[in-house]
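*Asks:* Below: one structure in structure tokens.
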Amino acid sequence: MNQMEMGVRRFGQINGLGLATLAKREVLRFAAVWTQTILAPLVTAGLFLLIFNIAIGPSRGEVMGVPFIQFLAPGILTMTVIQNAFANVSSSVVISKVQGNIVDTLMPPLSPLEMVLGYLAGGVVRGVLVALGITLGLFVFLGFGVAHPLWAFVFVLLGSALLGAIGLVAGIFANKFDQMAAITNFIVTPLAFLSGTFYSVTALPPVLQTVTAYNPMFYLIDGARYGFIGTSDGDPVTGLVIVTATTCVIIAAAWAMLRSGYRLKP
């Protein structure tokens with residue numbers, strides 16, 4: 001019998017211990033292989049910046065009034081953060097489904113919302129740690145400061161939560177690794193790359209600018225860019241509203257899927 005059908009749970013409306021345990025499991029899951037989950041993304045982001053700076057930087061000139069490498073860095077950082085947040089949550093769910101131990105998460109007295117928050121905790125913590133690592137590297141090697149730390153942190157946090165929620169929805173939907181790979185390769189990666197990471201959207205034709213306006217990843221990267229260098233293509237407040245609303249919608253979708261047992265229960 002579903003725990004929600006048994007009335008008020010004996011430990012109250014919120015299972016704090018259960019939620020903390022699930023969150024701890026998700027954090028320890030990636031922390032145990034930190035060289036793959038934390039160190040590797042930092043190296044990849046550094047290589048992106050190095051290659052683009054060598055190949056394009058000297059001749060590119062300023063973008064938005066700052067050197068190209070400073071314009072590029074927030075985009076690379078945000079793209080790395082959201083990719084890792086997505087991968088953390090989606091892989092956790094898919095691996096559990098493939099191995100047949102997803103029941104270990106479904107059977108404990110956790111509400112759908114508690115399960116959503118527990119899974120998201122791993123993605124958010126991993127995303128924030130990756131962002132902190134890249135930011136430290138930018139400061140040490142490039143003398144790169146942060147223009148608006150609070151804005152930068154908020155967009156990193158929202159980006160991790162949004163892509164973690166998308167990863168949860170994708171993980172619930174996918175029953176096999178190749179299905180998850182298809183979602184990553186044909187949906188998540190194109191949205192991340194076509195979001196102004198490597199360019200200002202003002203350089204795009206009007207039609208593509210209109211298309212970009214419907215990509216929530218654009219607002220994440222644009223908002224993070226404002227936080228780091230103090231300038232952006234759009235209004236960061238508008239971006240904050242759009243990203244927050246999108247995050248809430250995706251979290252609601254994940255909650256509904258967990259509540260119904262969609263593709264999780266026989």
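In the structure tokens, the first chain shown is A, the next is B, and so on; residue numbers restart at 1 for each chain, and ligands run from 1 in the order shown.
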Name all residues at most 8 Å from Asn84 (chain A) (count only C-alpha atoms; drop same-chain ones fewer than 6 positions away) and give them as number ranges by chain.
*Replies:* A: 37, 41, 123, 126-127
*Asks:* Can you write out the residues you just picked, keeping C-alpha atoms, as a tab-separated table (two decimals), in the first residue's frame?
*Replies:*
chain	number	residue	atom	x	y	z
A	37	THR	CA	32.26	13.81	-11.30
A	41	PRO	CA	34.44	18.61	-15.57
A	123	GLY	CA	22.46	17.39	-8.79
A	126	ARG	CA	27.40	18.64	-7.69
A	127	GLY	CA	26.56	21.63	-9.89
*Asks:* Got a sec: who's within 8 Å of region 244-250 of chain A, counting only C-alpha atoms, leaving out chain neighbours fewer than 4 positions off, as a ChimeraX atom specification?
*Replies:* /A:158,161-162,165-166,169,216,240,254
*Asks:* Next, dump the selected residues to file, keeping only N, CA, C and O atoms, as a short mmCIF file (atom, residue, chain, number, x, y, z; two decimals), in the first residue's frame.
*Replies:*
data_model
loop_
_atom_site.label_atom_id
_atom_site.label_comp_id
_atom_site.auth_asym_id
_atom_site.auth_seq_id
_atom_site.Cartn_x
_atom_site.Cartn_y
_atom_site.Cartn_z
N LEU A 158 19.82 27.86 -9.66
CA LEU A 158 18.64 27.58 -10.48
C LEU A 158 18.97 26.66 -11.65
O LEU A 158 18.19 25.77 -12.00
N ALA A 161 19.20 23.18 -10.36
CA ALA A 161 17.88 22.66 -10.03
C ALA A 161 17.07 22.35 -11.28
O ALA A 161 16.41 21.30 -11.37
N LEU A 162 17.11 23.25 -12.26
CA LEU A 162 16.35 23.04 -13.49
C LEU A 162 16.83 21.81 -14.24
O LEU A 162 16.03 20.94 -14.61
N ALA A 165 16.04 18.64 -12.40
CA ALA A 165 14.65 18.24 -12.58
C ALA A 165 14.42 17.63 -13.96
O ALA A 165 13.70 16.63 -14.10
N ILE A 166 15.02 18.23 -14.98
CA ILE A 166 14.92 17.65 -16.33
C ILE A 166 15.55 16.27 -16.35
O ILE A 166 15.04 15.33 -16.97
N VAL A 169 13.08 13.82 -14.80
CA VAL A 169 12.02 13.48 -15.76
C VAL A 169 12.55 12.53 -16.84
O VAL A 169 11.91 11.53 -17.18
N PRO A 216 15.19 28.04 -22.50
CA PRO A 216 15.46 28.45 -21.12
C PRO A 216 16.95 28.45 -20.77
O PRO A 216 17.37 29.17 -19.87
N LEU A 240 15.53 35.68 -14.66
CA LEU A 240 15.30 35.03 -13.37
C LEU A 240 13.87 34.52 -13.27
O LEU A 240 13.62 33.40 -12.81
N ALA A 254 7.98 16.24 -12.67
CA ALA A 254 8.67 15.13 -12.01
C ALA A 254 7.86 14.60 -10.83
O ALA A 254 7.75 13.38 -10.62
#
*Asks:* Got a sec: who's within 10 Å of Gly122 (chain A), counting only C-alpha atoms, leaving out chain neighbours fewer than 2 positions off, as an NGL selection string?
*Replies:* :A and (22-31 or 85 or 88-89 or 92 or 117-120 or 124-127 or 160-161 or 164)
*Asks:* Please provide the set of residues having any atom within 12 Å of Phe193 (chain A), restricted to only C-alpha atoms, with same-chain residues fewer than 2 positions apart removed, written as a list of chain:residue names.
*Replies:*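 The filter keeps A:Gly75, A:Ile76, A:Thr78, A:Met79, A:Thr80, A:Ile82, A:Gln83, A:Asn185, A:Phe186, A:Ile187, A:Val188, A:Thr189, A:Pro190, A:Leu191, A:Ser195, A:Gly196, A:Thr197, A:Phe198, A:Tyr199, A:Thr212, A:Asn215, A:Met217, A:Phe218, A:Ile221.
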*Asks:* Produce a file of the selected residues containing N, CA, C and O atoms, as an mmCIF file, in the first residue's frame.
*Replies:*
data_model
loop_
_atom_site.group_PDB
_atom_site.id
_atom_site.type_symbol
_atom_site.label_atom_id
_atom_site.label_comp_id
_atom_site.auth_asym_id
_atom_site.auth_seq_id
_atom_site.Cartn_x
_atom_site.Cartn_y
_atom_site.Cartn_z
ATOM 1 N N GLY A 75 29.797 31.394 -19.743
ATOM 2 C CA GLY A 75 29.036 30.446 -20.550
ATOM 3 C C GLY A 75 29.560 29.026 -20.398
ATOM 4 O O GLY A 75 28.779 28.073 -20.251
ATOM 5 N N ILE A 76 30.890 28.873 -20.436
ATOM 6 C CA ILE A 76 31.491 27.549 -20.251
ATOM 7 C C ILE A 76 31.170 27.025 -18.862
ATOM 8 O O ILE A 76 30.826 25.851 -18.680
ATOM 9 N N THR A 78 28.589 27.781 -16.874
ATOM 10 C CA THR A 78 27.182 27.411 -16.738
ATOM 11 C C THR A 78 26.864 26.148 -17.523
ATOM 12 O O THR A 78 26.112 25.281 -17.041
ATOM 13 N N MET A 79 27.409 26.017 -18.711
ATOM 14 C CA MET A 79 27.167 24.817 -19.505
ATOM 15 C C MET A 79 27.688 23.577 -18.783
ATOM 16 O O MET A 79 27.034 22.528 -18.760
ATOM 17 N N THR A 80 28.860 23.690 -18.164
ATOM 18 C CA THR A 80 29.427 22.569 -17.425
ATOM 19 C C THR A 80 28.566 22.216 -16.226
ATOM 20 O O THR A 80 28.321 21.044 -15.928
ATOM 21 N N ILE A 82 25.272 22.763 -15.739
ATOM 22 C CA ILE A 82 23.977 22.162 -16.057
ATOM 23 C C ILE A 82 24.132 20.759 -16.633
ATOM 24 O O ILE A 82 23.292 19.890 -16.376
ATOM 25 N N GLN A 83 25.186 20.512 -17.374
ATOM 26 C CA GLN A 83 25.422 19.165 -17.890
ATOM 27 C C GLN A 83 25.660 18.183 -16.753
ATOM 28 O O GLN A 83 25.174 17.048 -16.779
ATOM 29 N N ASN A 185 21.831 13.587 -26.172
ATOM 30 C CA ASN A 185 22.459 14.012 -27.424
ATOM 31 C C ASN A 185 21.568 14.876 -28.293
ATOM 32 O O ASN A 185 22.070 15.782 -28.986
ATOM 33 N N PHE A 186 20.262 14.640 -28.262
ATOM 34 C CA PHE A 186 19.376 15.325 -29.199
ATOM 35 C C PHE A 186 18.516 16.422 -28.558
ATOM 36 O O PHE A 186 17.847 17.175 -29.263
ATOM 37 N N ILE A 187 18.540 16.516 -27.234
ATOM 38 C CA ILE A 187 17.749 17.555 -26.579
ATOM 39 C C ILE A 187 18.621 18.436 -25.687
ATOM 40 O O ILE A 187 18.738 19.645 -25.908
ATOM 41 N N VAL A 188 19.253 17.837 -24.693
ATOM 42 C CA VAL A 188 19.987 18.621 -23.698
ATOM 43 C C VAL A 188 21.214 19.302 -24.296
ATOM 44 O O VAL A 188 21.415 20.516 -24.129
ATOM 45 N N THR A 189 22.046 18.543 -25.005
ATOM 46 C CA THR A 189 23.273 19.121 -25.561
ATOM 47 C C THR A 189 23.002 20.224 -26.577
ATOM 48 O O THR A 189 23.611 21.299 -26.499
ATOM 49 N N PRO A 190 22.094 20.038 -27.543
ATOM 50 C CA PRO A 190 21.804 21.141 -28.469
ATOM 51 C C PRO A 190 21.276 22.386 -27.764
ATOM 52 O O PRO A 190 21.664 23.509 -28.113
ATOM 53 N N LEU A 191 20.395 22.215 -26.772
ATOM 54 C CA LEU A 191 19.882 23.374 -26.046
ATOM 55 C C LEU A 191 20.995 24.112 -25.317
ATOM 56 O O LEU A 191 21.002 25.341 -25.242
ATOM 57 N N SER A 195 22.692 28.294 -26.897
ATOM 58 C CA SER A 195 22.081 29.168 -25.902
ATOM 59 C C SER A 195 22.903 30.415 -25.623
ATOM 60 O O SER A 195 22.674 31.085 -24.623
ATOM 61 N N GLY A 196 23.853 30.721 -26.498
ATOM 62 C CA GLY A 196 24.685 31.892 -26.275
ATOM 63 C C GLY A 196 25.923 31.613 -25.464
ATOM 64 O O GLY A 196 26.569 32.545 -24.971
ATOM 65 N N THR A 197 26.275 30.344 -25.324
ATOM 66 C CA THR A 197 27.478 29.995 -24.572
ATOM 67 C C THR A 197 28.718 30.591 -25.210
ATOM 68 O O THR A 197 29.587 31.154 -24.527
ATOM 69 N N PHE A 198 28.818 30.489 -26.533
ATOM 70 C CA PHE A 198 30.033 30.883 -27.235
ATOM 71 C C PHE A 198 29.888 32.187 -28.008
ATOM 72 O O PHE A 198 30.820 32.614 -28.674
ATOM 73 N N TYR A 199 28.712 32.814 -27.930
ATOM 74 C CA TYR A 199 28.480 34.006 -28.739
ATOM 75 C C TYR A 199 27.383 34.846 -28.106
ATOM 76 O O TYR A 199 26.604 34.366 -27.271
ATOM 77 N N THR A 212 15.900 31.545 -30.056
ATOM 78 C CA THR A 212 16.691 31.498 -28.821
ATOM 79 C C THR A 212 15.890 31.983 -27.622
ATOM 80 O O THR A 212 16.075 31.520 -26.499
ATOM 81 N N ASN A 215 14.416 29.326 -25.529
ATOM 82 C CA ASN A 215 15.334 28.353 -24.947
ATOM 83 C C ASN A 215 15.659 28.772 -23.512
ATOM 84 O O ASN A 215 16.359 29.756 -23.297
ATOM 85 N N MET A 217 17.734 27.643 -21.502
ATOM 86 C CA MET A 217 19.185 27.611 -21.245
ATOM 87 C C MET A 217 19.817 28.975 -21.543
ATOM 88 O O MET A 217 20.801 29.362 -20.911
ATOM 89 N N PHE A 218 19.255 29.696 -22.499
ATOM 90 C CA PHE A 218 19.785 31.020 -22.824
ATOM 91 C C PHE A 218 19.704 31.940 -21.614
ATOM 92 O O PHE A 218 20.653 32.668 -21.301
ATOM 93 N N ILE A 221 22.378 31.016 -18.955
ATOM 94 C CA ILE A 221 23.728 31.447 -19.292
ATOM 95 C C ILE A 221 23.826 32.962 -19.309
ATOM 96 O O ILE A 221 24.810 33.546 -18.838
#
*Asks:* What does the distance between CA of Gly18 (chain A) and CA of Pro109 (chain A) come to in Å, to one decimal place?
*Replies:*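 These atoms are spaced 7.5 Å apart.
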*Asks:* Can you check which parts of region 192-240 of chain A lie within 6 Å of region 145-150 of chain A? Per residue, the shortest pair of atoms and distance in Å to one decimal, counting only C-alpha atoms, sorted by chain and number, as JSON lines.
*Replies:*
{"residue": "A:Gly227", "atom": "CA", "partner": "A:His148", "partner_atom": "CA", "distance": 4.6}
{"residue": "A:Phe228", "atom": "CA", "partner": "A:Val146", "partner_atom": "CA", "distance": 4.5}
{"residue": "A:Ile229", "atom": "CA", "partner": "A:Ala147", "partner_atom": "CA", "distance": 5.3}
{"residue": "A:Gly230", "atom": "CA", "partner": "A:Ala147", "partner_atom": "CA", "distance": 5.4}
*Asks:* Could you check the closest approach to Arg259 (chain A) for each of A:Glu114, A:Glu62, A:Asp233, A:Asp222 and tell me which residue wins, using only C-alpha atoms?
*Replies:* A:Glu114
*Asks:* Which residues are near Ala170 (chain A)? Cut-off 7 Å, only C-alpha atoms, ignore same chain within fewer than 4 positions. Put them as a PyMOL selection string.
*Replies:* chain A and resi 90+166+174+180
*Asks:* For CA of Gly223 (chain A) and CA of Pro236 (chain A), determine how far apart the two atoms are, in Å to one decimal place.
*Replies:* 5.2 Å
*Asks:* Residues within 9 Å of Ala45 (chain A), please, as a ChimeraX atom specification. Count only C-alpha atoms; anything in the same chain fewer than 5 positions from it doesn't count.
*Replies:* /A:40,50,73,76-77,80,134
*Asks:* Counting only C-alpha atoms, which residue out of A:Ser260, A:Gln70, A:Thr184, A:Ser111 sits closest to Phe144 (chain A)?
*Replies:*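 Looking only at the distances to Phe144 (chain A), the closest residue turns out to be A:Gln70.
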*Asks:* Per DSSP on the backbone, filter region 23-64 of chain A down to the residues in alpha helix (DSSP H) and report them as a PyMOL selection string.
*Replies:* chain A and resi 23-31+34+40-55+57-60
*Asks:* Taking into account only C-alpha atoms, which residue in the set A:Gln99, A:Thr105, A:Asn15, A:Thr135 is nearest to Leu42 (chain A)?
*Replies:*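 With only C-alpha atoms as the atom set, the closest residue is A:Thr135.
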